[in-house]
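Asker: Pasting model_13.csv here (CSV, C-alpha atoms):
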```csv
chain,number,residue,atom,x,y,z
A,13,MET,CA,0.0,0.0,0.0
A,14,ASP,CA,1.2,3.5,-0.9
A,15,LEU,CA,2.5,5.1,2.3
A,16,LYS,CA,1.1,8.5,1.4
A,17,LEU,CA,-2.4,7.0,0.9
A,18,LYS,CA,-2.1,5.1,4.2
A,19,GLN,CA,-1.3,8.4,6.0
A,20,GLU,CA,-4.2,10.2,4.3
A,21,MET,CA,-6.6,7.5,5.5
A,22,GLU,CA,-5.2,7.6,9.0
A,23,VAL,CA,-5.4,11.4,9.2
A,24,PHE,CA,-8.9,11.3,7.7
A,25,ALA,CA,-10.1,8.8,10.3
A,26,ILE,CA,-8.9,11.0,13.2
A,27,GLN,CA,-10.4,14.1,11.6
A,28,ALA,CA,-13.7,12.3,11.1
A,29,ARG,CA,-13.7,11.4,14.8
A,30,ILE,CA,-13.0,15.0,15.7
A,31,GLU,CA,-15.9,16.4,13.7
A,32,THR,CA,-18.2,13.7,15.0
A,33,LEU,CA,-17.3,14.4,18.6
A,34,LYS,CA,-17.9,18.2,18.0
A,35,ALA,CA,-21.3,17.5,16.5
A,36,LEU,CA,-22.4,15.0,19.2
A,37,GLY,CA,-20.9,17.2,22.0
A,38,HIS,CA,-22.8,20.2,20.7
A,39,LEU,CA,-26.0,18.1,20.8
A,40,GLY,CA,-25.0,16.7,24.2
A,41,PHE,CA,-25.6,13.0,23.5
A,42,GLY,CA,-25.4,10.4,20.8
A,43,HIS,CA,-24.2,7.0,19.5
A,44,VAL,CA,-20.5,7.5,20.1
A,45,GLY,CA,-19.6,3.8,20.5
A,46,GLY,CA,-20.7,2.3,17.2
A,47,ALA,CA,-19.8,5.5,15.2
A,48,PHE,CA,-16.2,5.7,16.4
A,49,SER,CA,-15.5,2.0,15.9
A,50,ILE,CA,-16.0,2.2,12.2
A,51,ALA,CA,-14.2,5.5,11.6
A,52,ASP,CA,-11.2,3.7,10.1
A,53,LEU,CA,-13.4,1.8,7.8
A,54,VAL,CA,-15.2,4.8,6.3
A,55,ALA,CA,-11.8,6.6,6.0
A,56,VAL,CA,-10.6,3.7,3.8
A,57,LEU,CA,-13.9,3.5,1.8
A,58,TYR,CA,-14.0,7.2,1.0
A,59,ASN,CA,-10.3,7.7,0.3
A,60,GLY,CA,-9.2,5.3,-2.3
A,61,VAL,CA,-11.8,2.6,-2.5
A,62,MET,CA,-15.3,3.8,-3.3
A,63,LYS,CA,-16.2,5.2,-6.7
A,64,VAL,CA,-18.4,8.2,-5.8
A,65,ASP,CA,-19.0,11.8,-6.9
A,66,PRO,CA,-20.0,14.3,-4.2
A,67,LYS,CA,-21.2,16.7,-6.8
A,68,ASN,CA,-23.6,14.0,-8.1
A,69,PRO,CA,-24.7,11.8,-5.2
A,70,ALA,CA,-27.3,10.1,-7.3
A,71,TRP,CA,-24.8,9.0,-10.0
A,72,LYS,CA,-26.1,5.5,-11.0
A,73,ASP,CA,-22.6,4.1,-11.7
A,74,ARG,CA,-21.3,5.0,-8.2
A,75,ASP,CA,-20.4,2.4,-5.6
A,76,TYR,CA,-23.2,2.1,-3.0
A,77,LEU,CA,-22.9,2.0,0.8
A,78,VAL,CA,-25.6,0.6,3.1
A,79,CYS,CA,-24.8,1.3,6.8
A,80,SER,CA,-27.3,-1.2,8.2
A,81,LYS,CA,-26.3,-0.2,11.7
A,82,GLY,CA,-27.9,3.1,11.0
A,83,HIS,CA,-27.1,4.5,14.4
A,84,ALA,CA,-23.5,4.9,13.2
A,85,GLY,CA,-24.8,7.7,10.9
A,86,PRO,CA,-22.8,10.5,12.7
A,87,ILE,CA,-19.5,9.2,11.5
A,88,LEU,CA,-20.9,8.9,8.0
A,89,TYR,CA,-22.2,12.5,8.1
A,90,SER,CA,-18.8,13.8,9.1
A,91,THR,CA,-17.2,11.8,6.3
A,92,LEU,CA,-19.7,13.1,3.8
A,93,ALA,CA,-19.3,16.7,4.9
A,94,MET,CA,-15.5,16.4,4.7
A,95,LYS,CA,-15.8,15.0,1.2
A,96,GLY,CA,-18.0,17.9,0.1
A,97,TYR,CA,-21.5,16.4,0.0
A,98,PHE,CA,-22.8,19.3,2.1
A,99,PRO,CA,-21.5,22.1,4.3
A,100,MET,CA,-19.5,21.3,7.4
A,101,GLU,CA,-21.6,23.6,9.5
A,102,ASN,CA,-24.6,21.2,8.9
A,103,LEU,CA,-22.9,18.8,11.3
A,104,LEU,CA,-24.0,20.9,14.3
A,105,THR,CA,-27.6,20.3,13.4
A,106,ILE,CA,-27.4,16.5,14.0
A,107,ASN,CA,-30.6,15.1,15.4
A,108,LYS,CA,-32.1,18.5,15.9
A,109,PRO,CA,-35.6,19.7,14.7
A,110,GLY,CA,-35.6,20.3,10.9
A,111,THR,CA,-32.1,18.7,10.4
A,112,THR,CA,-31.1,16.8,7.3
A,113,LEU,CA,-28.9,14.7,9.6
A,114,PRO,CA,-31.1,12.5,11.7
A,115,SER,CA,-30.0,10.1,14.4
A,116,HIS,CA,-30.3,7.2,12.0
A,117,CYS,CA,-29.4,7.3,8.3
A,118,ASP,CA,-32.1,8.5,6.0
A,119,ARG,CA,-31.6,8.6,2.2
A,120,ASN,CA,-34.4,11.0,1.7
A,121,LEU,CA,-32.8,13.7,3.9
A,122,THR,CA,-29.0,13.3,3.5
A,123,PRO,CA,-27.0,13.7,0.3
A,124,GLY,CA,-24.7,10.7,0.0
A,125,ILE,CA,-26.7,8.3,2.1
A,126,ASP,CA,-27.8,5.5,-0.2
A,127,MET,CA,-30.3,3.7,2.0
A,128,THR,CA,-32.5,4.5,5.0
A,129,THR,CA,-31.5,2.2,7.9
A,130,GLY,CA,-31.7,1.7,11.6
A,131,SER,CA,-34.2,-1.1,11.8
A,132,LEU,CA,-31.5,-3.6,12.4
A,133,GLY,CA,-31.1,-6.5,10.0
A,134,GLN,CA,-33.0,-4.9,7.1
A,135,GLY,CA,-30.0,-3.2,5.6
A,136,SER,CA,-28.6,-6.6,4.6
A,137,SER,CA,-31.6,-7.4,2.4
A,138,MET,CA,-31.5,-3.9,0.9
A,139,ALA,CA,-27.8,-4.2,0.1
A,140,VAL,CA,-28.3,-7.6,-1.6
A,141,GLY,CA,-31.1,-6.1,-3.6
A,142,ILE,CA,-29.0,-3.2,-4.7
A,143,ALA,CA,-26.1,-5.5,-5.7
A,144,LEU,CA,-28.4,-7.8,-7.7
A,145,GLY,CA,-30.2,-4.9,-9.4
A,146,ASN,CA,-26.9,-3.3,-10.5
A,147,ARG,CA,-25.7,-6.5,-11.9
A,148,MET,CA,-29.0,-7.0,-13.8
A,149,ASP,CA,-28.5,-3.5,-15.2
A,150,GLY,CA,-25.1,-4.4,-16.4
A,151,ARG,CA,-23.1,-2.3,-14.0
A,152,ASP,CA,-19.8,-3.3,-12.5
A,153,ASN,CA,-20.0,-1.1,-9.4
A,154,TYR,CA,-19.7,-2.5,-5.9
A,155,THR,CA,-22.2,-2.5,-3.0
A,156,TYR,CA,-20.7,-2.2,0.5
A,157,LEU,CA,-22.7,-3.2,3.6
A,158,ILE,CA,-21.8,-2.3,7.2
A,159,LEU,CA,-23.4,-4.6,9.9
A,160,GLY,CA,-23.1,-4.6,13.7
A,161,ASP,CA,-22.2,-7.7,15.6
A,162,GLY,CA,-25.3,-7.3,17.8
A,163,GLU,CA,-27.3,-6.8,14.6
A,164,ILE,CA,-26.3,-10.1,13.0
A,165,GLN,CA,-28.3,-11.9,15.6
A,166,GLU,CA,-31.3,-10.9,13.4
A,167,GLY,CA,-32.5,-13.8,11.2
A,168,GLN,CA,-33.0,-11.5,8.3
A,169,VAL,CA,-29.2,-11.1,8.0
A,170,TRP,CA,-28.8,-14.8,7.4
A,171,GLU,CA,-31.6,-15.0,4.9
A,172,ALA,CA,-29.9,-12.2,2.9
A,173,ALA,CA,-26.6,-13.9,3.3
A,174,SER,CA,-28.0,-17.2,1.9
A,175,PHE,CA,-29.6,-15.4,-1.1
A,176,ALA,CA,-26.4,-13.4,-1.9
A,177,ALA,CA,-24.4,-16.6,-2.0
A,178,GLN,CA,-27.0,-18.4,-4.1
A,179,LYS,CA,-26.9,-15.5,-6.6
A,180,LYS,CA,-23.0,-15.3,-6.5
A,181,LEU,CA,-23.0,-11.6,-5.8
A,182,ASN,CA,-19.3,-11.1,-5.9
A,183,HIS,CA,-19.7,-7.3,-6.1
A,184,LEU,CA,-21.2,-7.3,-2.6
A,185,ILE,CA,-18.7,-6.7,0.2
A,186,ALA,CA,-20.0,-6.7,3.8
A,187,PHE,CA,-18.2,-5.6,6.9
A,188,VAL,CA,-19.2,-6.7,10.4
A,189,ASP,CA,-18.2,-4.2,13.1
A,190,TRP,CA,-17.1,-6.8,15.7
A,191,ASN,CA,-16.7,-4.4,18.6
A,192,LYS,CA,-18.1,-7.1,21.0
A,193,LYS,CA,-20.8,-5.0,22.6
A,194,GLN,CA,-24.4,-4.3,21.8
A,195,LEU,CA,-27.0,-2.1,23.4
A,196,ASP,CA,-27.6,-4.3,26.4
A,197,GLY,CA,-24.0,-5.5,27.1
A,198,PRO,CA,-21.2,-7.8,25.9
A,199,ILE,CA,-22.1,-10.0,23.0
A,200,VAL,CA,-20.7,-13.1,24.7
A,201,GLU,CA,-23.3,-12.6,27.5
A,202,ILE,CA,-26.3,-12.1,25.3
A,203,ASN,CA,-25.8,-14.2,22.1
A,204,ASP,CA,-22.2,-15.1,21.4
A,205,PHE,CA,-21.3,-14.5,17.8
A,206,SER,CA,-17.6,-14.7,18.2
A,207,ASN,CA,-17.1,-16.9,15.2
A,208,VAL,CA,-18.5,-14.5,12.6
A,209,ALA,CA,-16.2,-15.3,9.7
A,210,GLN,CA,-16.9,-19.0,10.0
A,211,ARG,CA,-20.6,-18.4,10.0
A,212,PHE,CA,-20.4,-16.4,6.8
A,213,GLU,CA,-18.2,-19.1,5.2
A,214,ALA,CA,-20.8,-21.7,6.1
A,215,PHE,CA,-23.4,-19.6,4.2
A,216,GLY,CA,-21.2,-19.7,1.1
A,217,TRP,CA,-19.2,-16.4,1.4
A,218,ASN,CA,-15.5,-15.6,1.4
A,219,ALA,CA,-14.7,-14.4,4.9
A,220,VAL,CA,-11.7,-12.9,6.7
A,221,THR,CA,-11.1,-11.2,10.0
A,222,VAL,CA,-8.8,-8.1,10.2
A,223,ASN,CA,-7.8,-5.4,12.6
A,224,GLY,CA,-10.6,-2.9,12.1
A,225,HIS,CA,-8.4,0.0,13.2
A,226,ASP,CA,-5.6,-0.8,10.7
A,227,VAL,CA,-6.4,1.1,7.5
A,228,GLU,CA,-3.8,-0.9,5.5
A,229,ALA,CA,-5.3,-4.2,6.7
A,230,ILE,CA,-8.8,-3.0,5.7
A,231,TYR,CA,-7.7,-1.8,2.4
A,232,THR,CA,-5.8,-5.0,1.6
A,233,ALA,CA,-8.8,-7.1,2.5
A,234,ILE,CA,-11.1,-5.1,0.2
A,235,GLU,CA,-8.6,-5.5,-2.7
A,236,GLU,CA,-8.6,-9.2,-2.1
A,237,ALA,CA,-12.4,-9.3,-2.0
A,238,LYS,CA,-12.5,-7.7,-5.4
A,239,LYS,CA,-10.7,-10.7,-6.8
A,240,SER,CA,-13.7,-13.0,-6.0
A,241,VAL,CA,-15.5,-14.2,-9.1
A,242,ASP,CA,-18.4,-16.2,-7.7
A,243,LYS,CA,-18.9,-15.3,-4.0
A,244,PRO,CA,-19.8,-12.2,-1.9
A,245,THR,CA,-17.2,-11.4,0.8
A,246,CYS,CA,-17.5,-10.6,4.5
A,247,ILE,CA,-14.7,-8.7,6.2
A,248,VAL,CA,-15.0,-9.0,9.9
A,249,LEU,CA,-13.5,-5.9,11.6
A,250,ASP,CA,-12.0,-6.6,15.0
A,251,THR,CA,-12.7,-3.3,16.7
A,252,VAL,CA,-13.1,-1.5,20.0
A,253,LYS,CA,-16.4,0.2,20.6
A,254,GLY,CA,-15.8,3.9,21.0
A,255,LYS,CA,-12.3,3.7,19.7
A,256,GLY,CA,-10.5,7.1,19.9
A,257,CYS,CA,-13.0,8.7,22.3
A,258,SER,CA,-11.1,9.1,25.5
A,259,PHE,CA,-14.1,9.1,27.8
A,260,ALA,CA,-16.1,6.4,26.0
A,261,GLU,CA,-13.6,3.9,24.7
A,262,ASN,CA,-13.2,2.0,28.0
A,263,ALA,CA,-16.7,2.7,29.4
A,264,ALA,CA,-18.7,-0.3,30.3
A,265,SER,CA,-21.8,1.1,28.5
A,266,ASN,CA,-20.9,3.3,25.5
A,267,HIS,CA,-23.6,2.6,22.9
A,268,HIS,CA,-25.5,5.8,23.4
A,269,ILE,CA,-24.2,8.2,26.0
A,270,ASN,CA,-24.6,11.8,27.3
A,271,ILE,CA,-21.6,14.1,26.6
A,272,SER,CA,-20.7,17.0,28.8
A,273,GLN,CA,-18.8,20.0,27.6
A,274,GLU,CA,-15.9,19.0,29.8
A,275,GLN,CA,-15.8,15.5,28.2
A,276,MET,CA,-16.0,16.9,24.7
A,277,ALA,CA,-13.0,19.2,25.5
A,278,GLU,CA,-11.1,16.4,26.9
A,279,GLY,CA,-11.8,14.1,24.0
A,280,LEU,CA,-11.0,16.7,21.4
A,281,ALA,CA,-7.7,17.5,23.1
A,282,VAL,CA,-6.6,13.8,22.9
A,283,LEU,CA,-7.7,13.5,19.2
A,284,GLU,CA,-6.0,16.8,18.2
A,285,GLU,CA,-2.8,15.4,19.7
A,286,GLN,CA,-3.2,12.2,17.7
A,287,LEU,CA,-3.9,14.2,14.6
A,288,ALA,CA,-0.7,16.2,15.0
A,289,LYS,CA,1.4,13.0,15.3
A,290,ALA,CA,-0.3,11.5,12.3
A,291,VAL,CA,0.3,14.5,10.1
A,292,ALA,CA,3.9,14.7,11.2
A,293,LYS,CA,4.7,11.1,10.2
```
Show this structure as structure tokens.

Answerer:
Amino acid sequence: MDLKLKQEMEVFAIQARIETLKALGHLGFGHVGGAFSIADLVAVLYNGVMKVDPKNPAWKDRDYLVCSKGHAGPILYSTLAMKGYFPMENLLTINKPGTTLPSHCDRNLTPGIDMTTGSLGQGSSMAVGIALGNRMDGRDNYTYLILGDGEIQEGQVWEAASFAAQKKLNHLIAFVDWNKKQLDGPIVEINDFSNVAQRFEAFGWNAVTVNGHDVEAIYTAIEEAKKSVDKPTCIVLDTVKGKGCSFAENAASNHHINISQEQMAEGLAVLEEQLAKAVAK
């Protein structure tokens, strides 16, 4: 992997966390945990992987992204704003009356959001439909799907997985944010899905587990997935919920939390220090 591209992705991931923390801190609460754990993934997708055009969000030949774990919307909003889909100042309206940036992703409100999500499990079926539809239309674009590890306890995910394998949707690449926590606690205490890659393999997918905070590992896994000729691919991201947020990363419960001004200032100071080091590499 080109070292300059790697640095750009790492810097972008930190910047996206900074903008997300500013937005949620301004609001006073939000889904910090699941948003921060996929910051490195979206940095990779929007900086060297996905074929998109911020000036034409509805471009039919673009690559599509379905964030099925719709509560991670804030990190996507920051990413989209940074890429020029809409003004940066819009981020301070997240989840407020009249906003175009609701708590969960909404394709009818936000430029760059390809599918409305948040009802967990349903995004998997929609991503499969998009991938199949694009192939039927003769397009060679990719559909990317982001799932949560609590979310994959939904039966609909596995119905979609079975269908995708049956149809050999090799231009469908799914990511599971394996941060090991869900709303009500640790995955292992609720419904242990530790063997995620093996489960997808059993359903006929290619599957691999990588460090979800290593942009090079994520990028390489996607490049390998694109070599598949007859199977969809699942990339399991071994992540930490709330990664990069000083006051949330090690908290027992960090799915949706209140954020004080003091916490925001503390978190931003840590991230700004990380950013300075990343830029200086």

Asker: A:Val64, A:Val23, A:Ile87, A:Ala176: which is nearest Asp242 in chain A, counting all atoms listed in the file?

Answerer: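 Answer, going by the shortest atom-to-atom distance: A:Ala176.
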
Asker: Of the candidates A:Gly145, A:Gln210, A:Asn270, A:Ala263, which shows the shortest atom-to-atom distance to Thr245 in chain A, using all atoms listed in the file?

Answerer: A:Gln210

Asker: When you count all atoms listed in the file, which of these residues is closest to Thr32 in chain A: A:Val241, A:Met100, A:Leu17, A:Val208?

Answerer: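 Answer, going by the shortest atom-to-atom distance: A:Met100.
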
Asker: Report as an MDAnalysis selection string all protein, DNA and RNA residues lying within 8 Å of range 44-53 of chain A, evaluated on all atoms listed in the file, omitting residues in the same chain fewer than 2 positions from it.

Answerer: chainID A and resid 21:22 25:26 28:29 33 36 42 55:57 83:87 189 191 224:227 230 251:257 260:261 266:269

Asker: Excluding Gln286 in chain A and residues on its chain fewer than 3 positions from it, collect all residues at most 10 Å away from it, counting all atoms listed in the file, and give them as a PyMOL selection string.

Answerer: chain A and resi 23+26-27+256+280-283+289-292

Asker: Using only C-alpha atoms, which residue out of A:Gln19, A:Thr105, A:Thr112, A:Thr91 lies closest to Ala288 in chain A?

Answerer: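 Under the stated criterion, the closest residue is A:Gln19.
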
Asker: How many Å lie between CA of Lys293 in chain A and CA of Asp14 in chain A, rounded to one decimal?

Answerer: 13.9 Å

Asker: Which of these residues is nearest to Gly124 in chain A, using only C-alpha atoms: A:Leu88, A:Ala219, A:Met138, A:Ala277?

Answerer: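 The closest residue to Gly124 in chain A is A:Leu88.
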
Asker: Would you compute the distance between CA of Pro66 in chain A and CA of Lys95 in chain A? Give it in Å to one decimal.

Answerer: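 Taking CA of Pro66 in chain A as the start and CA of Lys95 in chain A as the end point, the length is 6.9 Å.
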
Asker: When distances are computed from only C-alpha atoms, which of A:Met276, A:Ile164, A:Leu181, A:Leu121 shows the smallest separation from Gln194 in chain A?

Answerer: A:Ile164

Asker: Would you work out the distance separating CA of Met127 in chain A from CA of Gly82 in chain A, expressed in Å to one decimal?

Answerer: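 About the pair CA of Met127 in chain A and CA of Gly82 in chain A: they are 9.3 Å apart.
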
Asker: For Glu166 in chain A, please output as a PDB file with C-alpha atoms, keeping the file's coordinate frame all residues within 9 Å (counting only C-alpha atoms; exclusion window: fewer than 2 positions along the same chain).

Answerer:
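The resulting out.pdb:
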```pdb
ATOM      1  CA  LEU A 132     -31.500  -3.600  12.400  1.00  0.00           C
ATOM      2  CA  GLY A 133     -31.100  -6.500  10.000  1.00  0.00           C
ATOM      3  CA  GLN A 134     -33.000  -4.900   7.100  1.00  0.00           C
ATOM      4  CA  GLY A 162     -25.300  -7.300  17.800  1.00  0.00           C
ATOM      5  CA  GLU A 163     -27.300  -6.800  14.600  1.00  0.00           C
ATOM      6  CA  ILE A 164     -26.300 -10.100  13.000  1.00  0.00           C
ATOM      7  CA  GLN A 168     -33.000 -11.500   8.300  1.00  0.00           C
ATOM      8  CA  VAL A 169     -29.200 -11.100   8.000  1.00  0.00           C
ATOM      9  CA  TRP A 170     -28.800 -14.800   7.400  1.00  0.00           C
TER      10      TRP A 170
END
```

Asker: May I have the residues within 10 Å of Tyr97 in chain A as number ranges by chain, using all atoms listed in the file and disregarding those fewer than 5 positions away in the same chain?

Answerer: A: 65-69, 89-92, 122-125
